[in-house]
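Novice: Below is the file protein_24.txt, which contains compact mmCIF, N, CA and C atoms and all ligand atoms.
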# COMPACT_ATOMS: atom_id res chain seq x y z
N MET A 1 7.80 10.44 -4.33
CA MET A 1 7.78 11.06 -2.99
C MET A 1 9.04 11.92 -2.82
N ASP A 2 8.88 13.20 -2.42
CA ASP A 2 10.08 14.04 -2.29
C ASP A 2 10.86 13.67 -1.02
N THR A 3 12.10 14.19 -0.94
CA THR A 3 12.99 13.79 0.15
C THR A 3 12.43 14.19 1.52
N GLU A 4 11.76 15.33 1.58
CA GLU A 4 11.18 15.80 2.84
C GLU A 4 10.10 14.84 3.33
N ALA A 5 9.20 14.47 2.44
CA ALA A 5 8.14 13.52 2.79
C ALA A 5 8.73 12.17 3.19
N HIS A 6 9.75 11.77 2.45
CA HIS A 6 10.44 10.52 2.72
C HIS A 6 11.06 10.54 4.12
N ARG A 7 11.72 11.66 4.44
CA ARG A 7 12.38 11.79 5.74
C ARG A 7 11.36 11.71 6.88
N LYS A 8 10.20 12.37 6.67
CA LYS A 8 9.14 12.33 7.70
C LYS A 8 8.64 10.91 7.94
N ARG A 9 8.50 10.17 6.85
CA ARG A 9 8.00 8.80 6.98
C ARG A 9 9.02 7.92 7.71
N ILE A 10 10.32 8.15 7.46
CA ILE A 10 11.35 7.38 8.15
C ILE A 10 11.33 7.71 9.65
N THR A 11 11.14 9.00 9.96
CA THR A 11 11.06 9.40 11.36
C THR A 11 9.87 8.73 12.04
N SER A 12 8.71 8.71 11.37
CA SER A 12 7.56 8.08 12.01
C SER A 12 7.75 6.57 12.12
N PHE A 13 8.50 5.98 11.19
CA PHE A 13 8.85 4.56 11.29
C PHE A 13 9.65 4.30 12.57
N GLU A 14 10.67 5.16 12.78
CA GLU A 14 11.53 4.97 13.96
C GLU A 14 10.74 5.17 15.25
N GLU A 15 9.87 6.21 15.26
CA GLU A 15 9.06 6.47 16.46
C GLU A 15 8.09 5.33 16.75
N ARG A 16 7.43 4.86 15.69
CA ARG A 16 6.45 3.78 15.87
C ARG A 16 7.13 2.50 16.35
N CYS A 17 8.30 2.20 15.79
CA CYS A 17 9.03 1.01 16.23
C CYS A 17 9.34 1.11 17.71
N ARG A 18 9.79 2.29 18.13
CA ARG A 18 10.14 2.49 19.54
C ARG A 18 8.90 2.29 20.42
N SER A 19 7.78 2.94 20.03
CA SER A 19 6.60 2.87 20.89
C SER A 19 5.96 1.48 20.91
N GLU A 20 6.19 0.71 19.84
CA GLU A 20 5.60 -0.65 19.80
C GLU A 20 6.59 -1.70 20.28
N GLY A 21 7.81 -1.28 20.60
CA GLY A 21 8.80 -2.25 21.04
C GLY A 21 9.26 -3.18 19.93
N VAL A 22 9.20 -2.70 18.68
CA VAL A 22 9.68 -3.49 17.55
C VAL A 22 11.05 -2.92 17.18
N GLN A 23 12.04 -3.78 17.00
CA GLN A 23 13.38 -3.27 16.66
C GLN A 23 13.41 -2.70 15.24
N ALA A 24 13.96 -1.49 15.13
CA ALA A 24 14.08 -0.87 13.80
C ALA A 24 15.35 -1.38 13.12
N THR A 25 15.32 -2.64 12.71
CA THR A 25 16.52 -3.24 12.12
C THR A 25 16.77 -2.69 10.72
N VAL A 26 18.00 -2.91 10.24
CA VAL A 26 18.37 -2.48 8.89
C VAL A 26 17.42 -3.11 7.86
N GLN A 27 17.10 -4.38 8.06
CA GLN A 27 16.21 -5.07 7.12
C GLN A 27 14.81 -4.47 7.13
N ARG A 28 14.25 -4.24 8.32
CA ARG A 28 12.89 -3.68 8.40
C ARG A 28 12.85 -2.32 7.73
N ARG A 29 13.87 -1.52 8.01
CA ARG A 29 13.92 -0.19 7.44
C ARG A 29 14.05 -0.24 5.92
N ALA A 30 14.88 -1.17 5.44
CA ALA A 30 15.06 -1.30 3.98
C ALA A 30 13.75 -1.71 3.31
N ILE A 31 13.02 -2.62 3.96
CA ILE A 31 11.74 -3.09 3.39
C ILE A 31 10.74 -1.94 3.36
N PHE A 32 10.71 -1.17 4.44
CA PHE A 32 9.81 0.00 4.49
C PHE A 32 10.18 1.00 3.39
N GLU A 33 11.47 1.24 3.22
CA GLU A 33 11.91 2.21 2.20
C GLU A 33 11.56 1.75 0.78
N VAL A 34 11.61 0.45 0.56
CA VAL A 34 11.23 -0.06 -0.77
C VAL A 34 9.75 0.25 -1.04
N VAL A 35 8.90 0.05 -0.02
CA VAL A 35 7.47 0.37 -0.22
C VAL A 35 7.30 1.86 -0.51
N LEU A 36 8.08 2.70 0.16
CA LEU A 36 7.99 4.14 -0.10
C LEU A 36 8.45 4.47 -1.52
N ASP A 37 9.44 3.72 -2.01
CA ASP A 37 10.00 4.01 -3.33
C ASP A 37 9.11 3.50 -4.48
N LEU A 38 8.40 2.40 -4.23
CA LEU A 38 7.58 1.82 -5.30
C LEU A 38 6.18 2.45 -5.25
N ASP A 39 5.77 3.06 -6.34
CA ASP A 39 4.50 3.81 -6.29
C ASP A 39 3.34 3.06 -6.94
N HIS A 40 3.53 1.77 -7.22
CA HIS A 40 2.46 1.06 -7.94
C HIS A 40 1.72 0.04 -7.09
N HIS A 41 1.70 0.24 -5.77
CA HIS A 41 1.02 -0.71 -4.90
C HIS A 41 1.61 -2.11 -5.11
N PRO A 42 2.88 -2.29 -4.71
CA PRO A 42 3.58 -3.55 -5.00
C PRO A 42 3.03 -4.74 -4.22
N THR A 43 3.23 -5.93 -4.78
CA THR A 43 2.95 -7.17 -4.05
C THR A 43 4.16 -7.45 -3.16
N ALA A 44 4.01 -8.43 -2.25
CA ALA A 44 5.15 -8.82 -1.40
C ALA A 44 6.31 -9.29 -2.28
N ASP A 45 6.01 -9.98 -3.37
CA ASP A 45 7.07 -10.44 -4.27
C ASP A 45 7.80 -9.29 -4.95
N ASP A 46 7.05 -8.26 -5.35
CA ASP A 46 7.70 -7.07 -5.93
C ASP A 46 8.67 -6.46 -4.93
N VAL A 47 8.21 -6.34 -3.68
CA VAL A 47 9.06 -5.75 -2.64
C VAL A 47 10.29 -6.63 -2.43
N PHE A 48 10.07 -7.95 -2.38
CA PHE A 48 11.18 -8.89 -2.20
C PHE A 48 12.24 -8.71 -3.29
N GLU A 49 11.81 -8.65 -4.56
CA GLU A 49 12.77 -8.50 -5.68
C GLU A 49 13.64 -7.25 -5.48
N THR A 50 13.00 -6.14 -5.11
CA THR A 50 13.75 -4.90 -4.97
C THR A 50 14.65 -4.92 -3.73
N VAL A 51 14.14 -5.48 -2.63
CA VAL A 51 14.95 -5.53 -1.41
C VAL A 51 16.20 -6.37 -1.63
N THR A 52 16.08 -7.52 -2.29
CA THR A 52 17.25 -8.38 -2.47
C THR A 52 18.30 -7.71 -3.36
N SER A 53 17.87 -6.81 -4.25
CA SER A 53 18.88 -6.11 -5.05
C SER A 53 19.62 -5.07 -4.21
N ARG A 54 19.01 -4.63 -3.11
CA ARG A 54 19.67 -3.65 -2.24
C ARG A 54 20.45 -4.30 -1.11
N ILE A 55 19.82 -5.23 -0.41
CA ILE A 55 20.55 -5.96 0.62
C ILE A 55 20.35 -7.46 0.41
N PRO A 56 21.32 -8.07 -0.26
CA PRO A 56 21.22 -9.50 -0.59
C PRO A 56 21.09 -10.35 0.68
N GLY A 57 20.40 -11.46 0.57
CA GLY A 57 20.33 -12.40 1.67
C GLY A 57 19.08 -12.27 2.52
N VAL A 58 18.22 -11.30 2.24
CA VAL A 58 16.95 -11.21 2.98
C VAL A 58 16.02 -12.30 2.46
N SER A 59 15.42 -13.04 3.38
CA SER A 59 14.56 -14.12 2.92
C SER A 59 13.17 -13.58 2.57
N ARG A 60 12.52 -14.33 1.70
CA ARG A 60 11.15 -13.99 1.29
C ARG A 60 10.22 -13.95 2.51
N THR A 61 10.43 -14.91 3.43
CA THR A 61 9.60 -14.97 4.62
C THR A 61 9.73 -13.70 5.46
N THR A 62 10.97 -13.21 5.59
CA THR A 62 11.21 -11.97 6.34
C THR A 62 10.46 -10.81 5.70
N VAL A 63 10.51 -10.74 4.38
CA VAL A 63 9.82 -9.66 3.67
C VAL A 63 8.31 -9.75 3.90
N TYR A 64 7.75 -10.94 3.77
CA TYR A 64 6.31 -11.13 3.97
C TYR A 64 5.91 -10.73 5.39
N ARG A 65 6.67 -11.22 6.37
CA ARG A 65 6.33 -10.94 7.78
C ARG A 65 6.46 -9.46 8.09
N THR A 66 7.55 -8.86 7.57
CA THR A 66 7.79 -7.44 7.86
C THR A 66 6.69 -6.57 7.27
N LEU A 67 6.25 -6.89 6.05
CA LEU A 67 5.18 -6.11 5.44
C LEU A 67 3.91 -6.17 6.29
N GLU A 68 3.61 -7.35 6.81
CA GLU A 68 2.44 -7.49 7.67
C GLU A 68 2.60 -6.68 8.96
N THR A 69 3.81 -6.70 9.50
CA THR A 69 4.10 -5.92 10.71
C THR A 69 3.94 -4.43 10.43
N LEU A 70 4.49 -3.96 9.33
CA LEU A 70 4.40 -2.53 8.98
C LEU A 70 2.94 -2.12 8.77
N ALA A 71 2.15 -3.01 8.19
CA ALA A 71 0.73 -2.71 7.96
C ALA A 71 -0.01 -2.67 9.30
N ARG A 72 0.32 -3.61 10.19
CA ARG A 72 -0.31 -3.62 11.51
C ARG A 72 0.03 -2.34 12.28
N MET A 73 1.24 -1.84 12.07
CA MET A 73 1.67 -0.61 12.74
C MET A 73 1.17 0.64 12.01
N GLN A 74 0.38 0.43 10.97
CA GLN A 74 -0.23 1.51 10.18
C GLN A 74 0.80 2.45 9.55
N LEU A 75 1.97 1.89 9.25
CA LEU A 75 3.00 2.68 8.56
C LEU A 75 2.80 2.57 7.04
N ILE A 76 2.15 1.49 6.63
CA ILE A 76 1.75 1.32 5.23
C ILE A 76 0.34 0.75 5.24
N ASN A 77 -0.30 0.76 4.09
CA ASN A 77 -1.63 0.16 4.00
C ASN A 77 -1.55 -1.18 3.28
N ARG A 78 -2.52 -2.01 3.60
CA ARG A 78 -2.60 -3.32 2.98
C ARG A 78 -3.86 -3.28 2.12
N VAL A 79 -3.73 -3.62 0.86
CA VAL A 79 -4.88 -3.58 -0.04
C VAL A 79 -5.14 -4.98 -0.54
N SER A 80 -6.37 -5.46 -0.41
CA SER A 80 -6.63 -6.77 -1.01
C SER A 80 -7.90 -6.73 -1.82
N HIS A 81 -7.83 -7.36 -2.95
CA HIS A 81 -8.98 -7.47 -3.84
C HIS A 81 -9.21 -8.95 -4.10
N PRO A 82 -10.47 -9.36 -4.21
CA PRO A 82 -10.75 -10.78 -4.42
C PRO A 82 -10.00 -11.31 -5.64
N GLY A 83 -9.39 -12.47 -5.47
CA GLY A 83 -8.78 -13.13 -6.63
C GLY A 83 -7.41 -12.61 -7.02
N SER A 84 -6.86 -11.64 -6.27
CA SER A 84 -5.51 -11.22 -6.62
C SER A 84 -4.66 -11.10 -5.37
N ALA A 85 -3.34 -11.07 -5.58
CA ALA A 85 -2.42 -11.04 -4.45
C ALA A 85 -2.59 -9.75 -3.63
N VAL A 86 -2.27 -9.84 -2.35
CA VAL A 86 -2.30 -8.66 -1.47
C VAL A 86 -1.29 -7.64 -2.00
N ARG A 87 -1.68 -6.39 -1.99
CA ARG A 87 -0.79 -5.31 -2.42
C ARG A 87 -0.53 -4.40 -1.24
N TYR A 88 0.61 -3.75 -1.25
CA TYR A 88 0.94 -2.82 -0.18
C TYR A 88 0.97 -1.40 -0.73
N ASP A 89 0.55 -0.47 0.09
CA ASP A 89 0.31 0.89 -0.35
C ASP A 89 1.07 1.85 0.56
N ARG A 90 1.96 2.64 -0.04
CA ARG A 90 2.71 3.61 0.77
C ARG A 90 1.83 4.79 1.17
N ASN A 91 0.72 4.96 0.47
CA ASN A 91 -0.17 6.09 0.71
C ASN A 91 -1.10 5.76 1.89
N ILE A 92 -0.85 6.42 3.04
CA ILE A 92 -1.68 6.11 4.22
C ILE A 92 -2.72 7.20 4.46
N ASP A 93 -2.83 8.16 3.55
CA ASP A 93 -3.91 9.15 3.65
C ASP A 93 -5.19 8.54 3.07
N THR A 94 -6.33 9.11 3.47
CA THR A 94 -7.60 8.61 2.94
C THR A 94 -7.61 8.75 1.42
N HIS A 95 -7.80 7.65 0.73
CA HIS A 95 -7.91 7.71 -0.72
C HIS A 95 -8.62 6.46 -1.22
N HIS A 96 -8.87 6.45 -2.51
CA HIS A 96 -9.64 5.37 -3.11
C HIS A 96 -8.87 4.84 -4.31
N HIS A 97 -9.38 3.75 -4.88
CA HIS A 97 -8.59 3.09 -5.93
C HIS A 97 -9.36 2.85 -7.21
N LEU A 98 -8.62 3.01 -8.32
CA LEU A 98 -9.09 2.53 -9.61
C LEU A 98 -8.32 1.24 -9.86
N LEU A 99 -9.03 0.17 -10.15
CA LEU A 99 -8.37 -1.12 -10.36
C LEU A 99 -8.59 -1.59 -11.80
N CYS A 100 -7.49 -1.80 -12.52
CA CYS A 100 -7.61 -2.30 -13.89
C CYS A 100 -7.85 -3.81 -13.86
N ASP A 101 -8.95 -4.23 -14.47
CA ASP A 101 -9.34 -5.64 -14.50
C ASP A 101 -8.36 -6.49 -15.29
N GLN A 102 -7.60 -5.86 -16.20
CA GLN A 102 -6.74 -6.65 -17.09
C GLN A 102 -5.32 -6.79 -16.58
N CYS A 103 -4.70 -5.69 -16.18
CA CYS A 103 -3.29 -5.79 -15.74
C CYS A 103 -3.16 -5.65 -14.22
N ASN A 104 -4.31 -5.45 -13.52
CA ASN A 104 -4.31 -5.31 -12.06
C ASN A 104 -3.60 -4.06 -11.56
N GLU A 105 -3.37 -3.10 -12.43
CA GLU A 105 -2.80 -1.84 -11.96
C GLU A 105 -3.78 -1.18 -10.99
N ILE A 106 -3.22 -0.57 -9.93
CA ILE A 106 -4.04 0.18 -8.97
C ILE A 106 -3.62 1.64 -9.03
N ILE A 107 -4.58 2.51 -9.26
CA ILE A 107 -4.30 3.94 -9.35
C ILE A 107 -5.02 4.63 -8.20
N ASP A 108 -4.30 5.52 -7.48
CA ASP A 108 -4.90 6.26 -6.38
C ASP A 108 -5.81 7.38 -6.90
N VAL A 109 -6.96 7.53 -6.26
CA VAL A 109 -7.81 8.69 -6.54
C VAL A 109 -8.31 9.27 -5.22
N SER A 110 -8.48 10.59 -5.21
CA SER A 110 -9.01 11.24 -4.03
C SER A 110 -10.24 12.04 -4.43
N ASP A 111 -11.26 11.96 -3.60
CA ASP A 111 -12.47 12.74 -3.83
C ASP A 111 -13.22 12.78 -2.50
N GLU A 112 -13.36 13.97 -1.96
CA GLU A 112 -13.97 14.10 -0.63
C GLU A 112 -15.36 13.49 -0.55
N ARG A 113 -16.10 13.51 -1.65
CA ARG A 113 -17.45 12.94 -1.63
C ARG A 113 -17.41 11.45 -1.28
N LEU A 114 -16.32 10.79 -1.70
CA LEU A 114 -16.22 9.35 -1.43
C LEU A 114 -15.81 9.06 0.01
N ASP A 115 -15.20 10.08 0.66
CA ASP A 115 -14.74 9.87 2.04
C ASP A 115 -15.90 9.88 3.02
N THR A 116 -17.04 10.41 2.59
CA THR A 116 -18.16 10.60 3.52
C THR A 116 -19.43 9.94 2.98
N LEU A 117 -19.26 8.76 2.40
CA LEU A 117 -20.44 8.05 1.89
C LEU A 117 -21.37 7.70 3.05
N PRO A 118 -22.70 7.79 2.84
CA PRO A 118 -23.63 7.43 3.92
C PRO A 118 -23.56 5.93 4.20
N ALA A 119 -23.77 5.58 5.46
CA ALA A 119 -23.80 4.16 5.83
C ALA A 119 -25.02 3.51 5.17
N PRO A 120 -24.91 2.23 4.80
CA PRO A 120 -26.06 1.55 4.18
C PRO A 120 -27.26 1.50 5.12
N ASP A 121 -28.47 1.62 4.55
CA ASP A 121 -29.70 1.50 5.36
C ASP A 121 -29.81 0.13 5.99
N THR A 122 -29.18 -0.85 5.37
CA THR A 122 -29.32 -2.24 5.82
C THR A 122 -28.20 -2.66 6.76
N LEU A 123 -27.54 -1.65 7.37
CA LEU A 123 -26.43 -1.95 8.28
C LEU A 123 -26.92 -2.81 9.45
N PRO A 124 -26.30 -3.98 9.67
CA PRO A 124 -26.73 -4.84 10.78
C PRO A 124 -26.55 -4.14 12.13
N ALA A 125 -27.46 -4.42 13.07
CA ALA A 125 -27.40 -3.78 14.39
C ALA A 125 -26.05 -4.08 15.04
N GLY A 126 -25.50 -3.08 15.69
CA GLY A 126 -24.27 -3.31 16.44
C GLY A 126 -23.01 -3.17 15.62
N PHE A 127 -23.15 -3.01 14.30
CA PHE A 127 -21.94 -2.87 13.47
C PHE A 127 -21.51 -1.42 13.46
N GLU A 128 -20.24 -1.20 13.85
CA GLU A 128 -19.72 0.16 13.85
C GLU A 128 -18.77 0.34 12.66
N ILE A 129 -19.07 1.31 11.83
CA ILE A 129 -18.22 1.57 10.66
C ILE A 129 -17.03 2.43 11.07
N ILE A 130 -15.84 2.01 10.68
CA ILE A 130 -14.65 2.80 11.03
C ILE A 130 -14.00 3.43 9.80
N GLY A 131 -14.50 3.12 8.64
CA GLY A 131 -13.92 3.74 7.45
C GLY A 131 -14.49 3.13 6.20
N CYS A 132 -14.15 3.72 5.07
CA CYS A 132 -14.59 3.10 3.82
C CYS A 132 -13.62 3.43 2.70
N ASN A 133 -13.35 2.41 1.90
CA ASN A 133 -12.49 2.58 0.75
C ASN A 133 -13.27 2.17 -0.48
N VAL A 134 -13.33 3.06 -1.45
CA VAL A 134 -14.08 2.76 -2.65
C VAL A 134 -13.12 2.25 -3.72
N GLN A 135 -13.53 1.19 -4.38
CA GLN A 135 -12.72 0.64 -5.45
C GLN A 135 -13.54 0.64 -6.74
N PHE A 136 -13.04 1.34 -7.74
CA PHE A 136 -13.69 1.36 -9.04
C PHE A 136 -12.96 0.38 -9.94
N ARG A 137 -13.67 -0.50 -10.61
CA ARG A 137 -13.04 -1.43 -11.53
C ARG A 137 -13.17 -0.89 -12.95
N GLY A 138 -12.17 -1.18 -13.76
CA GLY A 138 -12.24 -0.72 -15.13
C GLY A 138 -11.03 -1.21 -15.92
N ILE A 139 -10.74 -0.52 -16.99
CA ILE A 139 -9.60 -0.89 -17.84
C ILE A 139 -8.74 0.35 -18.02
N CYS A 140 -7.45 0.21 -17.71
CA CYS A 140 -6.57 1.39 -17.74
C CYS A 140 -6.24 1.81 -19.17
N GLU A 141 -5.64 2.95 -19.29
CA GLU A 141 -5.37 3.51 -20.61
C GLU A 141 -4.48 2.60 -21.46
N SER A 142 -3.40 2.08 -20.85
CA SER A 142 -2.49 1.30 -21.70
C SER A 142 -3.13 -0.03 -22.12
N CYS A 143 -3.98 -0.61 -21.27
CA CYS A 143 -4.70 -1.84 -21.68
C CYS A 143 -5.71 -1.52 -22.77
N ARG A 144 -6.34 -0.36 -22.70
CA ARG A 144 -7.30 0.01 -23.75
C ARG A 144 -6.58 0.27 -25.07
N ASP A 145 -5.38 0.85 -24.99
CA ASP A 145 -4.60 1.09 -26.21
C ASP A 145 -4.22 -0.23 -26.88
N LYS A 146 -3.88 -1.24 -26.05
CA LYS A 146 -3.50 -2.54 -26.59
C LYS A 146 -4.69 -3.21 -27.29
N GLU A 147 -5.87 -3.00 -26.68
CA GLU A 147 -7.08 -3.63 -27.22
C GLU A 147 -7.49 -3.01 -28.57
N ASP A 148 -7.39 -1.67 -28.60
CA ASP A 148 -7.90 -0.93 -29.75
C ASP A 148 -6.85 0.09 -30.19
N PRO A 149 -5.90 -0.36 -31.04
CA PRO A 149 -4.78 0.50 -31.38
C PRO A 149 -5.12 1.64 -32.36
N SER A 150 -6.37 2.01 -32.43
CA SER A 150 -6.72 3.06 -33.40
C SER A 150 -6.44 4.45 -32.86
ZN ZN B 1 -4.42 -2.20 -17.32
ZN ZN B 2 -3.48 3.49 -2.91
Translate the structure described by the file into structure tokens.
Specialist:
Amino acid sequence: MDTEAHRKRITSFEERCRSEGVQATVQRRAIFEVVLDLDHHPTADDVFETVTSRIPGVSRTTVYRTLETLARMQLINRVSHPGSAVRYDRNIDTHHHLLCDQCNEIIDVSDERLDTLPAPDTLPAGFEIIGCNVQFRGICESCRDKEDPS
């Protein structure tokens, strides 16, 4: 993420904190910045490891709670896949994911056709769709190289 994009995200963090009445503490800001810096859809533990190297003494609980708060405030996205830990996503634009079944790497993909998928014919009455995220499962390049070194 370039410095300009980074600066804009920090500004929106400060504005959102103000409008939601959440204090923009040094810790919250540091946790948010770690998510912006890590581009691999980190877990809460990944974020915790990096935050403690920057500001020692932050508890794991604080990191977990803050990530949930930031996701609720729509400053970051929360990604969950069955059977694996929740991941956090700095990318809040509409996008989709490639998920490696072996190493759990998540790769962002964008394709307008996926943003406008038709609603299922079997949609239950009264259900209102507010969005859709497509997840493709597969095996990433480095896992395939390990499997078949030819
Ligand atoms: Zn992989
Ligand atoms: Zn993503």
Novice: In Å, how far is it from atom N of A:Gln102 to atom N of A:Val47?
Specialist: 20.2 Å
Novice: Here is a test: counting only C-alpha atoms and all ligand atoms, which residue of A:Asp101, A:Asp148, A:Glu20, A:Asp111 is nearest to ligand ZN 1 (chain B)?
Specialist: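 Ranked by minimum distance to ligand ZN 1 (chain B), first place goes to A:Asp101.
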Novice: Of the candidates A:Pro82, A:Pro124, A:Gly57, A:Gly138, which shows the shortest atom-to-atom distance to ligand ZN 1 (chain B), using only N, CA and C atoms and all ligand atoms?
Specialist: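 Residue with the minimum atom-to-atom distance to ligand ZN 1 (chain B): A:Gly138.
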Novice: Enumerate residues in contact with ligand ZN 1 (chain B): an atom-to-atom distance of at most 6.5 Å, counting only N, CA and C atoms and all ligand atoms. Format the result as a ChimeraX atom specification.
Specialist: /A:100-105,139-144
Novice: How would you report the residues lying within 7 Å of ligand ZN 2 (chain B), as JSON, numbers by chain, if you count only N, CA and C atoms and all ligand atoms?
Specialist: {"A": [41, 88, 89, 90, 91, 95, 96, 97, 106, 107, 108, 109]}
Novice: Quick one: residues within 10 Å of stretch 69-76 of chain A, only C-alpha atoms counted, chain neighbours fewer than 4 positions away excluded, as a list in words?
Specialist: Arg9, Ile10, Ser12, Phe13, Arg16, Cys17, Glu20, Val22, Arg28, Arg29, Ile31, Phe32, Val35, Leu36, Val63, Tyr64, Arg65, Tyr88, Asp89, Arg90, Asn91, Ile92 and Asp93 of chain A
Novice: Using DSSP on the backbone coordinates, identify all residues within chain A classified as helix (DSSP H, G or I); present the result as a VMD selection string.
Specialist: chain A and resid 3 to 20 26 to 37 44 to 54 60 to 72 112 to 115 141 to 147
Novice: From a backbone DSSP assignment, name each residue in chain A labelled strand (DSSP E), as an NGL selection string.
Specialist: :A and (77-79 or 87-89 or 96-100 or 106-109 or 135-138)
Novice: Select, from A:Arg18, A:Ser110, A:Thr94, A:Leu99, the residue with the minimum atom-to-atom distance to A:Cys132, counting only N, CA and C atoms.
Specialist: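 Of the candidates, the smallest distance to A:Cys132 is held by A:Thr94.
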Novice: Between A:Glu14, A:Asp145, A:Asp2, A:Asp46, which one has atoms that come closest to A:Val34, using only N, CA and C atoms?
Specialist: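 Ranking A:Glu14, A:Asp145, A:Asp2, A:Asp46 by distance to A:Val34, first place goes to A:Asp46.
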Novice: To one decimal place in Å, what is the distance between atom CA of A:Thr11 and atom C of A:Asn133?
Specialist: 28.0 Å
Novice: Can you measure atom CA of A:Glu33 to atom C of A:Val134 for me? One decimal in Å is fine.
Specialist: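 Rounded to one decimal, the two atoms are 25.7 Å apart.
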